[in-house]
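Engineer: The structure that follows is given in the form of structure tokens.
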Amino acid sequence: MKIVVLGGGRVGNAIVRDLAAEEDFSVLVVDVDPVAVERLTEHGADGVVADLSDPETVSKAVAGADLVVSAVPGFMGYATVERVLQEGHPVVDISFFREDAFGLDELAKEAGVPCLVDCGVSPGLSNMILGRLEEHLDETYTYRCLVGGLPVERAWPWEYKAAFSPGDVIQIYMKPARLRREGVQVTLPALSEVELVEFAGLGTLEAFNTDGLRSLLKTSKTPEMVEKTMRYPGHAEKMRMLKEAGFFSTDSILVASGEAKPRDVTAALLIGAWQFDEGEPDLTVMRIVIEGSKDDVALRHTYNMLDYYNTDTETSSMARTTGYTCTGMARLVARGLWTEPGVAPPEVVGRNAECFDSVIKHLEERNVQIFRTVDEL
């Protein structure tokens with residue numbers, strides 16, 4: 001089976017290496033960075049250096065593919081997936097584009113192929129867990145997801161580094177957070193409702209509202225839902241100070257050298273401070289709490305995950321947890337476990353017990369462990 005992976009960056013690297021390790025997969029990686037492509041050819045993949053911002057290039061890249069994995073930057077994601085579907089190929093996407101993925105549903109159905117979107121850790125694995133429990137339980141009352149990626153070493157002043165660009169992180173901190181309370185969608189400022197959370201092995205973290213529910217607001221029936229981002233304590237206050245002082249503004253201001261947008265300047269200054277050094281260890285932490293009932297018994301299902309940088313493969317935790325969830329879902333399509341044409345976010349796929357169990361097993365085989373407890377309320 002020929003699998004084309006569009007994008008060979010941090011997460012794309014983990015995806016390509018994982019898929020290329022399987023004998024019956026022939027993997028082609030396409031990326032604009034020749035160094036990234038060359039590195040991946042050392043792990044059994046074929047490589048092409050090309051600019052995927054050009055739709056015609058995308059068409060050429062996916063020619064002859066049995067399956068496409070899109071790991072391009074978010075601003076390119078929707079158009080890339082759209083072009084792949086126009087070419088008639090099934091696609092699994094982790095670009096987390098801002099547009100509504102269901103806008104591609106008709107196109108995918110016309111092509112007769114699956115289009116799995118948001119196939120990362122959160123959104124992604126978190127959604128699958130909710131989808132599985134909504135199918136398993138008689139009723140779900142609440143869904144609460146706390147998730148974050150962090151450096152292992154807490155270094156002043158930020159005690160934070162990002163697997164993504166500072167501009168993307170700033171956008172997360174600016175976008176209003178959509179939640180659901182008592183069955184009604186509500187909107188609150190990002191970085192709001194900060195709370196302290198104890199996590200075994202890490203100690204105290206803080207969690208605050210961000211806009212992470214995405215497709216769940218359309219597909220889920222659970223009346224209470226929230227997703228919060230976790231950081232080391234004090235991070236939210238620092239970000240709110242920058243936000244209130246105008247450092248995240250996109251309005252141009254006049255400075256001595258001319259005009260500048262504060263957000264662009266802030267992002268540029270933070271690149272060096274927030275960028276992981278080569279080989280620097282990171283961690284990914286997630287806690288999901290879902291309450292509901294089964295056979296008239298009220299239950300609380302708690303899922304905890306704590307994953308670290310893998311020194312053997314030199315793969316970051318964020319790339320592992322995101323990339324391996326994606327390859328697990330790609331295998332669902334490749335093995336014929338998920339064949340339904342149309343757009344399917346992870347919670348829809350997770351409703352299928354065989355698909356859910358397959359992805360969980362896939363992650364466990366790569367030492368990404370999710371621990372579950374069930375308690376009566």
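By order of appearance in the structure tokens: chains A, B, ..., then residues from 1 within every chain, and ligands from 1 in the order shown.
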Listing only residues of segment 134-173 of chain A within 12 Å of segment 179-189 of chain A, what is the closest atom pair and its distance in Å (to one decimal) for each, using only C-alpha atoms, sorted by chain and residue number ascending, as a Markdown table?

Structural biologist:
| residue | atom | partner | partner_atom | distance |
| --- | --- | --- | --- | --- |
| A:Thr140 | CA | A:Gly183 | CA | 11.7 |
| A:Tyr141 | CA | A:Glu182 | CA | 9.3 |
| A:Thr142 | CA | A:Arg181 | CA | 9.2 |
| A:Tyr143 | CA | A:Arg180 | CA | 9.5 |
| A:Arg144 | CA | A:Leu179 | CA | 10.2 |
| A:Cys145 | CA | A:Leu179 | CA | 11.4 |
| A:Ile172 | CA | A:Pro189 | CA | 10.6 |
| A:Tyr173 | CA | A:Pro189 | CA | 8.6 |

Engineer: Please list as a list in words every residue within 9 Å of Gly246 of chain A, counting only C-alpha atoms and excluding residues in the same chain fewer than 4 positions away.

Structural biologist: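 Neighbouring residues, sequence-local ones excluded: Met241, Leu242, Thr250, Pro262 and Arg263 of chain A.
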
Engineer: DSSP says strand (DSSP E) for which residues of segment 15-251 of chain A? Put them as JSON, numbers by chain?

Structural biologist: {"A": [26, 27, 28, 29, 30, 31, 46, 47, 48, 49, 67, 68, 69, 70, 91, 92, 93, 114, 115, 116, 139, 140, 141, 142, 143, 144, 145, 146, 147, 148, 149, 150, 151, 177, 178, 179, 180, 181, 184, 185, 186, 187, 188, 195, 196, 197, 198, 199, 203, 204, 205, 206, 207, 208, 209, 224, 225, 226, 227, 228, 229, 230, 231]}

Engineer: When you look at Ala200 of chain A with a cut-off of 12 Å (counting only C-alpha atoms), what residues show up, excluding the ones that are within fewer than 4 positions of it in the same chain? I need them as a list in words.

Structural biologist: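 My list of contacting residues is Thr204, Leu205, Val285, Met286, Arg287, Asn304, Met305 and Leu306 of chain A.
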
Engineer: Can those selected residues be exported to a file as a JSON list (two decimals), in the first residue's frame so that it contains N, CA and C atoms?

Structural biologist:
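Final output, saved to out_27.json:
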[["chain", "number", "residue", "atom", "x", "y", "z"],
["A", 204, "THR", "N", 1.93, 20.08, 41.04],
["A", 204, "THR", "CA", 0.85, 21.02, 40.79],
["A", 204, "THR", "C", 1.01, 21.68, 39.43],
["A", 205, "LEU", "N", -0.07, 21.65, 38.65],
["A", 205, "LEU", "CA", -0.15, 22.37, 37.38],
["A", 205, "LEU", "C", -1.34, 23.32, 37.46],
["A", 285, "VAL", "N", 0.88, 15.81, 29.06],
["A", 285, "VAL", "CA", 0.04, 15.38, 30.17],
["A", 285, "VAL", "C", -1.42, 15.59, 29.80],
["A", 286, "MET", "N", -2.27, 14.62, 30.13],
["A", 286, "MET", "CA", -3.70, 14.74, 29.82],
["A", 286, "MET", "C", -4.52, 14.01, 30.88],
["A", 287, "ARG", "N", -5.59, 14.64, 31.27],
["A", 287, "ARG", "CA", -6.56, 14.00, 32.17],
["A", 287, "ARG", "C", -7.96, 14.24, 31.60],
["A", 304, "ASN", "N", -5.90, 9.06, 32.58],
["A", 304, "ASN", "CA", -4.69, 9.85, 32.79],
["A", 304, "ASN", "C", -3.59, 9.40, 31.83],
["A", 305, "MET", "N", -2.89, 10.35, 31.27],
["A", 305, "MET", "CA", -1.75, 10.05, 30.40],
["A", 305, "MET", "C", -0.61, 11.00, 30.74],
["A", 306, "LEU", "N", 0.59, 10.44, 30.92],
["A", 306, "LEU", "CA", 1.79, 11.23, 31.13],
["A", 306, "LEU", "C", 2.89, 10.60, 30.28]]

Engineer: Write out as a CSV table (one decimal) with C-alpha atoms, in the first residue's frame the residues lying within 12 Å of segment 311-314 of chain A, counting only C-alpha atoms and excluding same-chain residues fewer than 4 positions away.

Structural biologist:
chain,number,residue,atom,x,y,z
A,10,ARG,CA,8.2,17.5,14.0
A,13,ASN,CA,8.7,13.0,11.1
A,14,ALA,CA,7.2,10.7,13.8
A,17,ARG,CA,9.0,6.8,10.6
A,18,ASP,CA,6.2,4.9,12.2
A,43,HIS,CA,14.3,5.6,7.8
A,278,GLU,CA,17.7,19.7,19.8
A,279,GLY,CA,17.2,16.7,22.0
A,280,GLU,CA,15.6,18.7,24.9
A,281,PRO,CA,13.1,16.5,26.7
A,282,ASP,CA,9.4,17.4,26.8
A,318,MET,CA,4.2,15.8,21.6
A,319,ALA,CA,5.2,14.3,18.3
A,320,ARG,CA,4.8,10.8,19.8
A,366,ARG,CA,4.6,2.4,21.3

Engineer: Run DSSP on the backbone and tell me which residues of segment 48-169 of chain A come out as alpha helix (DSSP H); list them as an MDAnalysis selection string.

Structural biologist: chainID A and resid 55:61 74:86 105:111 125:136 166:169

Engineer: Of the residues A:Leu107, A:Val5, A:Ala61, A:Val194, which is the one nearest to Ser95 of chain A, using only C-alpha atoms?

Structural biologist: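 Going through A:Leu107, A:Val5, A:Ala61, A:Val194 one by one, the smallest distance to Ser95 of chain A is for A:Val5.
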
Engineer: How many Å separate atom CA of Val92 of chain A from atom CA of Ala71 of chain A?

Structural biologist: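 Atom-to-atom, atom CA of Val92 of chain A to atom CA of Ala71 of chain A, that is 8.8 Å.
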
Engineer: Determine, counting only C-alpha atoms, which protein, DNA and RNA residues have an atom within 6 Å of an atom of Val68 of chain A; residues of the same chain fewer than 2 positions away are not included. Present the result as a list in words.

Structural biologist: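 Once the adjacent positions are removed, what remains is Ile3, Val4, Val5 and Val91 of chain A.
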